[in-house]
$ cat final.txt   # compact mmCIF, C-alpha atoms
# COMPACT_ATOMS: atom_id res chain seq x y z
CA MET A 1099 -35.51 -22.69 2.81
CA ASP A 1100 -36.18 -22.48 -0.89
CA GLY A 1101 -35.41 -19.08 -2.37
CA TRP A 1102 -34.16 -17.54 0.85
CA ALA A 1103 -30.55 -17.21 -0.34
CA GLU A 1104 -31.73 -15.31 -3.44
CA ARG A 1105 -33.96 -13.04 -1.35
CA VAL A 1106 -31.14 -12.21 1.06
CA ALA A 1107 -28.74 -11.57 -1.84
CA ALA A 1108 -31.28 -9.18 -3.38
CA TRP A 1109 -31.79 -7.23 -0.13
CA ASP A 1110 -30.17 -3.80 0.02
CA PRO A 1111 -29.33 -2.31 3.42
CA PRO A 1112 -30.88 1.10 4.10
CA PRO A 1113 -29.00 4.22 2.98
CA GLY A 1114 -26.31 5.37 5.40
CA TRP A 1115 -25.25 1.91 6.53
CA ARG A 1116 -21.53 1.18 6.40
CA ARG A 1117 -20.74 -1.72 4.06
CA LEU A 1118 -17.48 -3.66 3.66
CA TRP A 1119 -16.93 -6.69 1.42
CA VAL A 1120 -14.56 -9.41 2.59
CA VAL A 1121 -13.26 -12.85 1.76
CA ASP A 1122 -12.32 -14.98 4.77
CA ALA A 1123 -9.62 -17.63 4.75
CA HIS A 1124 -7.26 -19.46 7.06
CA THR A 1125 -3.59 -20.29 6.70
CA ALA A 1126 -2.57 -23.33 8.76
CA GLY A 1127 -5.47 -22.47 11.07
CA GLU A 1128 -4.74 -18.75 11.49
CA PRO A 1129 -7.64 -16.56 10.27
CA LEU A 1130 -7.28 -13.96 7.55
CA ARG A 1131 -10.05 -11.55 6.59
CA VAL A 1132 -9.21 -9.98 3.22
CA ILE A 1133 -11.01 -6.65 2.68
CA VAL A 1134 -11.76 -6.23 -1.02
CA ASP A 1135 -14.14 -3.24 -1.10
CA GLY A 1136 -15.72 -0.56 1.06
CA PHE A 1137 -12.55 0.52 2.88
CA PRO A 1138 -11.28 3.98 1.84
CA GLU A 1139 -7.86 3.91 0.20
CA PRO A 1140 -5.18 5.15 2.62
CA ALA A 1141 -2.99 7.96 1.31
CA GLY A 1142 0.77 7.86 0.91
CA ASP A 1143 3.59 7.27 -1.55
CA SER A 1144 4.85 4.23 0.36
CA ILE A 1145 3.14 1.32 2.11
CA VAL A 1146 4.63 2.52 5.40
CA ALA A 1147 3.03 5.94 4.83
CA ARG A 1148 -0.30 4.30 4.01
CA ARG A 1149 -0.04 2.26 7.18
CA GLY A 1150 0.37 5.49 9.13
CA ASP A 1151 -2.58 7.10 7.36
CA ALA A 1152 -4.80 4.08 7.95
CA ARG A 1153 -3.83 4.12 11.61
CA ALA A 1154 -4.63 7.82 11.90
CA ARG A 1155 -7.87 7.99 9.91
CA PHE A 1156 -9.42 4.52 9.65
CA ASP A 1157 -8.77 2.79 12.95
CA ASP A 1158 -12.53 2.67 13.52
CA LEU A 1159 -12.82 0.40 10.48
CA ARG A 1160 -10.04 -1.83 11.76
CA ARG A 1161 -11.91 -2.23 15.03
CA MET A 1162 -15.16 -2.94 13.18
CA LEU A 1163 -13.49 -5.64 11.09
CA MET A 1164 -11.33 -7.25 13.77
CA TRP A 1165 -13.28 -6.93 17.00
CA GLU A 1166 -16.57 -8.46 18.13
CA PRO A 1167 -19.32 -8.82 17.06
CA ARG A 1168 -17.96 -9.22 13.48
CA GLY A 1169 -14.59 -10.59 14.51
CA HIS A 1170 -12.95 -11.78 17.70
CA ALA A 1171 -9.87 -11.17 19.86
CA ASP A 1172 -7.66 -13.34 17.64
CA MET A 1173 -8.89 -12.12 14.25
CA TYR A 1174 -6.39 -11.01 11.62
CA GLY A 1175 -7.00 -8.94 8.49
CA CYS A 1176 -5.52 -7.76 5.23
CA LEU A 1177 -6.44 -4.68 3.22
CA VAL A 1178 -5.42 -4.93 -0.45
CA VAL A 1179 -4.13 -1.59 -1.79
CA PRO A 1180 -2.45 -0.50 -5.04
CA PRO A 1181 1.27 -1.35 -5.28
CA VAL A 1182 4.02 1.26 -5.03
CA THR A 1183 6.92 -0.53 -6.77
CA PRO A 1184 7.14 -1.68 -10.42
CA ALA A 1185 7.62 -5.36 -9.55
CA ALA A 1186 4.54 -5.56 -7.31
CA ASP A 1187 1.03 -6.62 -8.34
CA ILE A 1188 -0.63 -5.53 -5.09
CA GLY A 1189 0.13 -3.77 -1.84
CA VAL A 1190 -1.11 -4.98 1.54
CA LEU A 1191 -1.81 -3.55 4.96
CA PHE A 1192 -2.16 -6.14 7.70
CA MET A 1193 -4.26 -5.54 10.82
CA HIS A 1194 -5.06 -7.26 14.11
CA ASN A 1195 -6.68 -6.63 17.48
CA GLU A 1196 -4.20 -3.88 18.44
CA GLY A 1197 -3.39 -2.04 15.21
CA PHE A 1198 -1.66 -2.38 11.84
CA SER A 1199 1.33 -4.70 11.55
CA THR A 1200 4.38 -4.44 9.29
CA MET A 1201 4.54 -7.87 7.67
CA CYS A 1202 2.74 -11.20 8.02
CA GLY A 1203 3.80 -14.54 6.56
CA HIS A 1204 0.53 -16.37 7.03
CA GLY A 1205 -1.13 -13.27 5.58
CA ILE A 1206 0.99 -13.43 2.43
CA ILE A 1207 0.08 -17.09 1.88
CA GLY A 1208 -3.57 -16.33 2.59
CA VAL A 1209 -3.98 -13.21 0.46
CA VAL A 1210 -2.21 -14.82 -2.52
CA THR A 1211 -4.60 -17.75 -2.24
CA VAL A 1212 -7.61 -15.42 -2.08
CA VAL A 1213 -6.69 -13.14 -4.99
CA LEU A 1214 -5.87 -16.09 -7.27
CA GLU A 1215 -8.77 -18.39 -6.38
CA THR A 1216 -11.34 -15.59 -6.64
CA GLY A 1217 -9.92 -14.28 -9.94
CA LEU A 1218 -8.85 -10.89 -8.59
CA LEU A 1219 -5.48 -11.68 -10.22
CA PRO A 1220 -4.96 -14.16 -13.08
CA ALA A 1221 -3.63 -17.62 -12.22
CA ALA A 1222 -1.67 -19.97 -14.47
CA GLU A 1223 -3.27 -23.40 -14.27
CA GLY A 1224 -0.81 -26.21 -13.68
CA ALA A 1225 2.15 -23.84 -13.40
CA GLU A 1226 3.64 -21.40 -10.97
CA THR A 1227 1.96 -18.02 -10.73
CA HIS A 1228 4.16 -15.22 -9.46
CA VAL A 1229 2.70 -12.42 -7.31
CA GLY A 1230 4.74 -9.41 -6.20
CA ILE A 1231 3.57 -7.79 -2.97
CA ASP A 1232 4.49 -4.47 -1.39
CA THR A 1233 4.32 -4.61 2.41
CA PRO A 1234 5.28 -2.02 5.04
CA ALA A 1235 8.44 -4.06 5.70
CA GLY A 1236 9.41 -4.18 2.03
CA PHE A 1237 8.83 -6.10 -1.21
CA VAL A 1238 7.91 -9.79 -0.99
CA ALA A 1239 8.04 -12.17 -3.97
CA ALA A 1240 5.48 -14.98 -3.81
CA ARG A 1241 4.76 -17.87 -6.12
CA ALA A 1242 1.74 -20.16 -6.07
CA THR A 1243 1.10 -23.62 -7.48
CA VAL A 1244 -2.41 -23.78 -8.98
CA ARG A 1245 -4.21 -27.04 -9.74
CA GLY A 1246 -7.85 -27.30 -10.80
CA GLY A 1247 -8.46 -23.65 -10.03
CA ARG A 1248 -7.21 -24.12 -6.47
CA VAL A 1249 -4.02 -22.81 -4.94
CA ALA A 1250 -2.22 -25.89 -3.66
CA SER A 1251 0.62 -24.03 -1.97
CA VAL A 1252 2.30 -20.64 -1.75
CA SER A 1253 5.99 -19.89 -1.21
CA PHE A 1254 7.41 -16.44 -0.66
CA VAL A 1255 10.86 -14.95 -0.32
CA ASN A 1256 10.62 -12.61 2.63
CA VAL A 1257 12.45 -9.38 3.40
CA PRO A 1258 16.03 -9.72 4.71
CA SER A 1259 15.93 -11.27 8.18
CA PHE A 1260 18.56 -10.76 10.85
CA VAL A 1261 19.48 -11.19 14.51
CA THR A 1262 19.92 -8.22 16.83
CA THR A 1263 20.31 -9.95 20.22
CA ARG A 1264 21.64 -13.39 21.15
CA ASP A 1265 21.66 -15.14 24.51
CA ALA A 1266 20.51 -12.15 26.52
CA HIS A 1267 18.78 -12.37 29.91
CA ILE A 1268 15.94 -10.38 31.41
CA GLU A 1269 14.21 -10.41 34.78
CA VAL A 1270 10.51 -11.19 34.31
CA PRO A 1271 8.12 -10.81 37.27
CA GLY A 1272 6.88 -14.21 38.36
CA LEU A 1273 9.43 -16.04 36.22
CA GLY A 1274 12.79 -14.75 37.32
CA ARG A 1275 15.75 -14.64 34.94
CA VAL A 1276 14.79 -15.63 31.36
CA ARG A 1277 17.15 -16.14 28.41
CA TYR A 1278 16.00 -14.73 25.07
CA ASP A 1279 17.09 -13.79 21.54
CA VAL A 1280 15.68 -11.03 19.33
CA ALA A 1281 15.46 -11.41 15.56
CA PHE A 1282 13.65 -9.69 12.69
CA GLY A 1283 11.68 -11.48 9.98
CA GLY A 1284 9.46 -8.62 8.85
CA ALA A 1285 8.77 -7.80 12.51
CA PHE A 1286 10.85 -8.13 15.66
CA TYR A 1287 10.30 -11.06 18.02
CA ALA A 1288 11.77 -12.16 21.34
CA PHE A 1289 12.48 -15.91 21.16
CA VAL A 1290 12.32 -17.99 24.33
CA ASP A 1291 12.84 -21.73 24.82
CA ALA A 1292 9.53 -23.03 26.17
CA GLU A 1293 11.29 -25.58 28.36
CA ASP A 1294 13.19 -22.76 30.09
CA VAL A 1295 9.90 -21.37 31.39
CA GLY A 1296 8.31 -24.76 32.08
CA PHE A 1297 5.77 -24.94 29.26
CA ARG A 1298 4.71 -27.49 26.69
CA LEU A 1299 3.50 -25.92 23.44
CA VAL A 1300 0.05 -27.50 23.40
CA PRO A 1301 -3.49 -26.02 23.39
CA GLY A 1302 -4.01 -26.85 27.06
CA GLU A 1303 -1.29 -24.36 27.99
CA LEU A 1304 -2.78 -21.54 25.94
CA SER A 1305 -3.82 -19.18 28.75
CA ARG A 1306 -0.45 -19.53 30.50
CA LEU A 1307 1.39 -18.98 27.23
CA VAL A 1308 -0.54 -15.75 26.63
CA GLU A 1309 0.12 -14.44 30.13
CA THR A 1310 3.80 -15.35 30.04
CA GLY A 1311 4.33 -14.13 26.47
CA ARG A 1312 2.91 -10.74 27.37
CA ALA A 1313 5.05 -10.52 30.51
CA ILE A 1314 8.24 -11.35 28.59
CA LYS A 1315 7.44 -8.84 25.85
CA LYS A 1316 6.80 -6.14 28.45
CA ALA A 1317 10.08 -6.87 30.22
CA VAL A 1318 12.12 -6.85 27.01
CA VAL A 1319 10.50 -3.61 25.81
CA LYS A 1320 11.21 -2.00 29.19
CA GLY A 1321 14.88 -2.54 28.43
CA GLY A 1322 14.53 -0.80 25.05
CA GLU A 1323 12.71 -1.44 21.79
CA PRO A 1324 14.72 -3.14 19.01
CA THR A 1325 15.89 -0.76 16.29
CA HIS A 1326 15.36 -1.30 12.59
CA PRO A 1327 18.40 0.02 10.70
CA LEU A 1328 16.45 1.68 7.87
CA ASP A 1329 12.96 2.58 9.09
CA GLY A 1330 11.99 3.82 12.53
CA GLU A 1331 8.37 2.81 11.90
CA LEU A 1332 9.49 -0.82 12.13
CA SER A 1333 11.39 -0.34 15.40
CA PHE A 1334 9.18 -2.12 17.91
CA LEU A 1335 8.88 -5.58 19.44
CA TYR A 1336 5.85 -7.30 17.92
CA GLY A 1337 5.65 -10.37 20.11
CA THR A 1338 7.15 -13.30 21.95
CA ILE A 1339 7.75 -16.64 20.24
CA PHE A 1340 8.11 -19.76 22.34
CA VAL A 1341 10.17 -22.51 20.69
CA GLY A 1342 9.93 -26.16 21.64
CA PRO A 1343 10.38 -29.69 20.37
CA ALA A 1344 8.24 -30.99 17.53
CA VAL A 1345 5.30 -33.28 18.25
CA GLY A 1346 4.62 -34.56 14.74
CA ARG A 1347 6.87 -36.84 12.74
CA GLY A 1348 9.35 -35.14 10.42
CA ALA A 1349 9.06 -31.65 11.90
CA HIS A 1350 12.07 -29.73 13.16
CA SER A 1351 10.42 -27.88 16.04
CA ARG A 1352 7.32 -26.05 17.19
CA ASN A 1353 6.54 -22.30 17.39
CA VAL A 1354 3.89 -20.50 19.41
CA CYS A 1355 3.73 -16.74 18.86
CA VAL A 1356 1.99 -14.36 21.29
CA PHE A 1357 1.70 -10.97 19.59
CA ALA A 1358 -0.24 -7.68 19.53
CA ASP A 1359 -2.63 -7.54 22.52
CA GLY A 1360 -2.34 -11.16 23.59
CA GLU A 1361 -3.17 -12.73 20.23
CA VAL A 1362 -1.97 -16.28 19.66
CA ASP A 1363 -0.99 -17.30 16.14
CA ARG A 1364 -2.62 -20.57 15.17
CA SER A 1365 -0.05 -20.98 12.38
CA PRO A 1366 3.72 -21.44 12.83
CA THR A 1367 4.10 -17.67 12.09
CA GLY A 1368 5.74 -16.98 8.72
CA THR A 1369 7.69 -13.95 9.90
CA GLY A 1370 8.69 -15.91 12.99
CA VAL A 1371 9.98 -18.80 10.87
CA SER A 1372 11.94 -16.23 8.84
CA ALA A 1373 13.49 -14.75 11.98
CA ARG A 1374 14.28 -18.24 13.29
CA LEU A 1375 16.09 -19.06 10.06
CA ALA A 1376 18.25 -16.00 10.69
CA LEU A 1377 18.96 -17.27 14.22
CA HIS A 1378 19.77 -20.80 13.09
CA HIS A 1379 22.01 -19.53 10.29
CA ALA A 1380 23.87 -17.22 12.68
CA ARG A 1381 24.54 -20.22 14.94
CA GLY A 1382 25.73 -22.37 12.04
CA GLU A 1383 22.75 -24.72 12.40
CA VAL A 1384 21.08 -24.06 9.00
CA GLY A 1385 23.02 -23.39 5.82
CA VAL A 1386 22.00 -21.87 2.50
CA GLY A 1387 19.64 -24.25 0.71
CA GLU A 1388 18.74 -26.17 3.87
CA GLU A 1389 15.14 -26.23 5.07
CA ILE A 1390 13.26 -26.89 8.28
CA ARG A 1391 9.60 -27.71 8.88
CA VAL A 1392 8.09 -25.88 11.85
CA GLU A 1393 4.84 -26.80 13.60
CA SER A 1394 2.18 -24.57 15.09
CA ILE A 1395 0.28 -25.13 18.33
CA LEU A 1396 -2.26 -27.01 16.19
CA GLY A 1397 0.36 -29.21 14.53
CA THR A 1398 -0.01 -27.48 11.15
CA THR A 1399 3.30 -26.67 9.45
CA PHE A 1400 5.28 -24.18 7.38
CA THR A 1401 8.50 -25.05 5.62
CA GLY A 1402 11.33 -22.53 5.75
CA ARG A 1403 14.69 -22.43 4.02
CA VAL A 1404 17.54 -19.99 3.55
CA VAL A 1405 17.81 -19.09 -0.13
CA GLY A 1406 20.69 -16.64 0.25
CA THR A 1407 22.53 -14.17 2.43
CA THR A 1408 22.96 -10.43 2.27
CA ARG A 1409 24.05 -7.40 4.25
CA PHE A 1410 21.25 -5.30 5.76
CA GLY A 1411 22.52 -2.13 7.39
CA PRO A 1412 24.98 -3.26 10.08
CA TYR A 1413 23.62 -6.83 10.12
CA GLU A 1414 24.47 -10.05 8.35
CA ALA A 1415 21.07 -11.19 7.09
CA VAL A 1416 19.46 -14.15 5.37
CA LEU A 1417 16.90 -14.24 2.58
CA PRO A 1418 14.29 -16.66 3.94
CA GLU A 1419 11.68 -18.55 1.92
CA VAL A 1420 8.54 -19.77 3.68
CA SER A 1421 5.97 -22.19 2.22
CA GLY A 1422 2.47 -23.19 3.30
CA SER A 1423 -1.16 -23.53 2.27
CA ALA A 1424 -4.35 -21.54 2.86
CA PHE A 1425 -8.04 -22.20 2.36
CA VAL A 1426 -10.93 -19.86 1.59
CA THR A 1427 -13.62 -20.21 4.26
CA GLY A 1428 -16.22 -17.64 3.28
CA ARG A 1429 -17.18 -14.40 1.60
CA GLY A 1430 -19.54 -11.72 2.76
CA GLU A 1431 -20.67 -8.15 3.27
CA LEU A 1432 -20.19 -6.71 6.74
CA LEU A 1433 -22.68 -4.05 7.83
CA ALA A 1434 -22.91 -1.36 10.49
CA ALA A 1435 -26.12 0.56 11.07
CA PRO A 1436 -25.53 4.25 11.91
CA ASP A 1437 -27.51 3.93 15.17
CA ASP A 1438 -25.72 0.76 16.33
CA PRO A 1439 -23.93 1.69 19.59
CA LEU A 1440 -21.44 -1.14 18.93
CA ALA A 1441 -20.85 -0.30 15.27
CA GLU A 1442 -17.10 0.03 15.83
CA GLY A 1443 -16.95 -3.23 17.72
CA PHE A 1444 -15.78 -4.14 21.19
CA PHE A 1445 -12.83 -6.09 22.53
CA LEU A 1446 -12.90 -8.57 25.40
CA ARG A 1447 -9.81 -10.48 26.51

$ encode --input "final.txt" --output "structure tokens"
Amino acid sequence: MDGWAERVAAWDPPPGWRRLWVVDAHTAGEPLRVIVDGFPEPAGDSIVARRGDARARFDDLRRMLMWEPRGHADMYGCLVVPPVTPAADIGVLFMHNEGFSTMCGHGIIGVVTVVLETGLLPAAEGAETHVGIDTPAGFVAARATVRGGRVASVSFVNVPSFVTTRDAHIEVPGLGRVRYDVAFGGAFYAFVDAEDVGFRLVPGELSRLVETGRAIKKAVVKGGEPTHPLDGELSFLYGTIFVGPAVGRGAHSRNVCVFADGEVDRSPTGTGVSARLALHHARGEVGVGEEIRVESILGTTFTGRVVGTTRFGPYEAVLPEVSGSAFVTGRGELLAAPDDPLAEGFFLR
């Protein structure tokens, strides 16, 4: 109705209400809620330390932002914080339904799109804009192509990615003996061939994929968490990624990632594509400079390529580059009244 938008914009919530300002986006279908104000700044000299502080002191805000009624079971978020290294423009803390993650590829593409399109960082029209990002897993170098004030695409060189386990087997209740690999692309994933467990990677299989992905993760973790060679805070299995044949023309394959507490990534999973590049390179299937295009369960795609190799602790590692696009979907102010019994949200799965 006429004038209602102006009246709502002029309304101030009563004193004592909690207020957080966000910009919402999606990357290849996967949501990203970027928190730009109202969240206290976590303490710490490193992003890993700030992740720990946020987990200890501000988990109620994570629940408020991610869970119902303001979010949902598959919501994903990003808190922008000051950088800690000279090359970085921003730092980020990623969050989801279970806690705070260590790195997120779709999140990098999404947050770069948000900060450039909204003017939080300057963008170079018609040229590449470089954005350095400090994450809990390490420094990530992103570059965006900007046309007409819009971010057309974002590419980022991820942290060194490596393989810790190849062609292992685990007994999974209800499935029997399952072959899997474990690789790191900013987080650790167990990779399973979808055909080995009788699945097609399509939306109609979603509930079975969630149940099976959780069971495989539980079984692998029971045998011992993967170990990061430099930081114990990164030494945990984040999720299960099912790999299958591509459906769309020109794609290499399809990924479906089940992570955190049964979340399903709607995108091809940027950290998962990075870890897969490490797997393919270790098998001699992808060389330096070669790229693959990986689909999501929706058919949206990321492109990944190996831009170099390095040594990371005891592992031979690759330097993966992942490219994709994101879109801003909304902006808003989230509120919580002090007498709201569900102010911190609730979680149904």

$ atom_distance --input "final.txt" --atom1 "atom CA of A:Val1318" --atom2 "atom CA of A:Ser1305"
20.2 Å

$ atom_distance --input "final.txt" --atom1 "atom CA of A:Pro1138" --atom2 "atom CA of A:Phe1254"
27.8 Å

$ closest_residue --input "final.txt" --among "A:Ala1373, A:Val1213, A:Ile1268, A:Ala1349" --to "A:Gly1247" --atoms "only C-alpha atoms"
A:Val1213

$ closest_residue --input "final.txt" --among "A:Arg1374, A:Lys1316, A:His1204, A:Arg1277" --to "A:Phe1400" --atoms "all atoms listed in the file"
A:His1204

$ residues_near_point --input "final.txt" --point "(-2.8, -9.3, 19.9)" --cutoff "7 Å" --atoms "all atoms listed in the file" --output "ChimeraX atom specification"
/A:1172,1194-1196,1357-1361

$ closest_atom_pairs --input "final.txt" --of "stretch 1388-1420 of chain A" --to "stretch 1125-1132 of chain A" --cutoff "9 Å" --atoms "all atoms listed in the file" --output "CSV"
residue,atom,partner,partner_atom,distance
A:Ser1394,CA,A:Ala1126,CA,8.0
A:Leu1396,CA,A:Gly1127,CA,7.6
A:Gly1397,CA,A:Ala1126,CA,8.7
A:Thr1398,CA,A:Ala1126,CA,5.4
A:Thr1399,CA,A:Ala1126,CA,6.8
A:Phe1400,CA,A:Ala1126,CA,8.0

$ write_last_selection --input "final.txt" --atoms "C-alpha atoms" --output "compact mmCIF listing (two decimals), keeping the file's coordinate frame"
# COMPACT_ATOMS: atom_id res chain seq x y z
CA SER A 1394 2.18 -24.57 15.09
CA LEU A 1396 -2.26 -27.01 16.19
CA GLY A 1397 0.36 -29.21 14.53
CA THR A 1398 -0.01 -27.48 11.15
CA THR A 1399 3.30 -26.67 9.45
CA PHE A 1400 5.28 -24.18 7.38

$ atom_distance --input "final.txt" --atom1 "atom CA of A:Glu1309" --atom2 "atom CA of A:Asp1363"
14.3 Å

$ residues_around --input "final.txt" --residues "A:Asp1143" --least-positions-apart "3" --cutoff "12 Å" --atoms "only C-alpha atoms" --output "number ranges by chain"
A: 1140, 1146-1151, 1179-1183, 1189, 1232, 1234

$ write_last_selection --input "final.txt" --atoms "C-alpha atoms" --output "compact mmCIF listing (two decimals), in the coordinates of the input"
# COMPACT_ATOMS: atom_id res chain seq x y z
CA PRO A 1140 -5.18 5.15 2.62
CA VAL A 1146 4.63 2.52 5.40
CA ALA A 1147 3.03 5.94 4.83
CA ARG A 1148 -0.30 4.30 4.01
CA ARG A 1149 -0.04 2.26 7.18
CA GLY A 1150 0.37 5.49 9.13
CA ASP A 1151 -2.58 7.10 7.36
CA VAL A 1179 -4.13 -1.59 -1.79
CA PRO A 1180 -2.45 -0.50 -5.04
CA PRO A 1181 1.27 -1.35 -5.28
CA VAL A 1182 4.02 1.26 -5.03
CA THR A 1183 6.92 -0.53 -6.77
CA GLY A 1189 0.13 -3.77 -1.84
CA ASP A 1232 4.49 -4.47 -1.39
CA PRO A 1234 5.28 -2.02 5.04

$ residues_near_point --input "final.txt" --point "(22.5, -16.5, 20.8)" --cutoff "8 Å" --atoms "only C-alpha atoms" --output "list of chain:residue names"
A:Thr1263, A:Arg1264, A:Asp1265, A:Ala1266, A:Tyr1278, A:Asp1279, A:Leu1377, A:Arg1381

$ residues_around --input "final.txt" --residues "A:Val1120" --least-positions-apart "2" --cutoff "12 Å" --atoms "only C-alpha atoms" --output "ChimeraX atom specification"
/A:1117-1118,1122-1123,1130-1137,1163-1164,1168-1169,1175-1178,1209,1212-1213,1216,1426-1433

$ write_last_selection --input "final.txt" --atoms "C-alpha atoms" --output "short mmCIF file (atom, residue, chain, number, x, y, z; two decimals), keeping the file's coordinate frame"
data_model
loop_
_atom_site.label_atom_id
_atom_site.label_comp_id
_atom_site.auth_asym_id
_atom_site.auth_seq_id
_atom_site.Cartn_x
_atom_site.Cartn_y
_atom_site.Cartn_z
CA ARG A 1117 -20.74 -1.72 4.06
CA LEU A 1118 -17.48 -3.66 3.66
CA ASP A 1122 -12.32 -14.98 4.77
CA ALA A 1123 -9.62 -17.63 4.75
CA LEU A 1130 -7.28 -13.96 7.55
CA ARG A 1131 -10.05 -11.55 6.59
CA VAL A 1132 -9.21 -9.98 3.22
CA ILE A 1133 -11.01 -6.65 2.68
CA VAL A 1134 -11.76 -6.23 -1.02
CA ASP A 1135 -14.14 -3.24 -1.10
CA GLY A 1136 -15.72 -0.56 1.06
CA PHE A 1137 -12.55 0.52 2.88
CA LEU A 1163 -13.49 -5.64 11.09
CA MET A 1164 -11.33 -7.25 13.77
CA ARG A 1168 -17.96 -9.22 13.48
CA GLY A 1169 -14.59 -10.59 14.51
CA GLY A 1175 -7.00 -8.94 8.49
CA CYS A 1176 -5.52 -7.76 5.23
CA LEU A 1177 -6.44 -4.68 3.22
CA VAL A 1178 -5.42 -4.93 -0.45
CA VAL A 1209 -3.98 -13.21 0.46
CA VAL A 1212 -7.61 -15.42 -2.08
CA VAL A 1213 -6.69 -13.14 -4.99
CA THR A 1216 -11.34 -15.59 -6.64
CA VAL A 1426 -10.93 -19.86 1.59
CA THR A 1427 -13.62 -20.21 4.26
CA GLY A 1428 -16.22 -17.64 3.28
CA ARG A 1429 -17.18 -14.40 1.60
CA GLY A 1430 -19.54 -11.72 2.76
CA GLU A 1431 -20.67 -8.15 3.27
CA LEU A 1432 -20.19 -6.71 6.74
CA LEU A 1433 -22.68 -4.05 7.83
#

$ residues_around --input "final.txt" --residues "stretch 1329-1346 of chain A" --least-positions-apart "4" --cutoff "6 Å" --atoms "only C-alpha atoms" --output "PyMOL selection string"
chain A and resi 1286-1292+1311+1315+1323-1325+1350-1357

$ residues_around --input "final.txt" --residues "A:Thr1243" --least-positions-apart "2" --cutoff "12 Å" --atoms "all atoms listed in the file" --output "ChimeraX atom specification"
/A:1207,1210-1211,1214-1215,1221-1229,1240-1241,1245-1254,1421-1424

$ write_last_selection --input "final.txt" --atoms "C-alpha atoms" --output "PDB file, keeping the file's coordinate frame"
ATOM      1  CA  ILE A1207       0.080 -17.090   1.880  1.00  0.00           C
ATOM      2  CA  VAL A1210      -2.210 -14.820  -2.520  1.00  0.00           C
ATOM      3  CA  THR A1211      -4.600 -17.750  -2.240  1.00  0.00           C
ATOM      4  CA  LEU A1214      -5.870 -16.090  -7.270  1.00  0.00           C
ATOM      5  CA  GLU A1215      -8.770 -18.390  -6.380  1.00  0.00           C
ATOM      6  CA  ALA A1221      -3.630 -17.620 -12.220  1.00  0.00           C
ATOM      7  CA  ALA A1222      -1.670 -19.970 -14.470  1.00  0.00           C
ATOM      8  CA  GLU A1223      -3.270 -23.400 -14.270  1.00  0.00           C
ATOM      9  CA  GLY A1224      -0.810 -26.210 -13.680  1.00  0.00           C
ATOM     10  CA  ALA A1225       2.150 -23.840 -13.400  1.00  0.00           C
ATOM     11  CA  GLU A1226       3.640 -21.400 -10.970  1.00  0.00           C
ATOM     12  CA  THR A1227       1.960 -18.020 -10.730  1.00  0.00           C
ATOM     13  CA  HIS A1228       4.160 -15.220  -9.460  1.00  0.00           C
ATOM     14  CA  VAL A1229       2.700 -12.420  -7.310  1.00  0.00           C
ATOM     15  CA  ALA A1240       5.480 -14.980  -3.810  1.00  0.00           C
ATOM     16  CA  ARG A1241       4.760 -17.870  -6.120  1.00  0.00           C
ATOM     17  CA  ARG A1245      -4.210 -27.040  -9.740  1.00  0.00           C
ATOM     18  CA  GLY A1246      -7.850 -27.300 -10.800  1.00  0.00           C
ATOM     19  CA  GLY A1247      -8.460 -23.650 -10.030  1.00  0.00           C
ATOM     20  CA  ARG A1248      -7.210 -24.120  -6.470  1.00  0.00           C
ATOM     21  CA  VAL A1249      -4.020 -22.810  -4.940  1.00  0.00           C
ATOM     22  CA  ALA A1250      -2.220 -25.890  -3.660  1.00  0.00           C
ATOM     23  CA  SER A1251       0.620 -24.030  -1.970  1.00  0.00           C
ATOM     24  CA  VAL A1252       2.300 -20.640  -1.750  1.00  0.00           C
ATOM     25  CA  SER A1253       5.990 -19.890  -1.210  1.00  0.00           C
ATOM     26  CA  PHE A1254       7.410 -16.440  -0.660  1.00  0.00           C
ATOM     27  CA  SER A1421       5.970 -22.190   2.220  1.00  0.00           C
ATOM     28  CA  GLY A1422       2.470 -23.190   3.300  1.00  0.00           C
ATOM     29  CA  SER A1423      -1.160 -23.530   2.270  1.00  0.00           C
ATOM     30  CA  ALA A1424      -4.350 -21.540   2.860  1.00  0.00           C
TER      31      ALA A1424
END

$ residues_around --input "final.txt" --residues "A:Pro1418" --least-positions-apart "3" --cutoff "12 Å" --atoms "all atoms listed in the file" --output "number ranges by chain"
A: 1203, 1238-1240, 1253-1260, 1282-1284, 1368-1379, 1384-1390, 1401-1408, 1415, 1421

$ closest_residue --input "final.txt" --among "A:Arg1391, A:His1326, A:Arg1306, A:Arg1364" --to "A:Thr1200" --atoms "only C-alpha atoms"
A:His1326

$ decode --input "final.txt" --residues "stretch 1109-1125 of chain A" --atoms "C-alpha atoms" --output "short mmCIF file (atom, residue, chain, number, x, y, z; two decimals), in the first residue's frame"
data_model
loop_
_atom_site.label_atom_id
_atom_site.label_comp_id
_atom_site.auth_asym_id
_atom_site.auth_seq_id
_atom_site.Cartn_x
_atom_site.Cartn_y
_atom_site.Cartn_z
CA TRP A 1109 9.70 2.37 12.72
CA ASP A 1110 12.15 1.81 15.55
CA PRO A 1111 11.87 -1.36 17.64
CA PRO A 1112 11.46 -0.79 21.38
CA PRO A 1113 14.58 -0.43 23.53
CA GLY A 1114 16.14 -3.72 24.58
CA TRP A 1115 15.33 -5.60 21.38
CA ARG A 1116 18.23 -7.44 19.75
CA ARG A 1117 18.92 -6.15 16.24
CA LEU A 1118 21.13 -7.65 13.52
CA TRP A 1119 21.53 -6.34 9.97
CA VAL A 1120 22.04 -8.83 7.16
CA VAL A 1121 22.31 -9.15 3.40
CA ASP A 1122 21.03 -12.44 1.99
CA ALA A 1123 22.37 -14.07 -1.16
CA HIS A 1124 22.68 -17.44 -2.84
CA THR A 1125 25.60 -19.05 -4.61
#
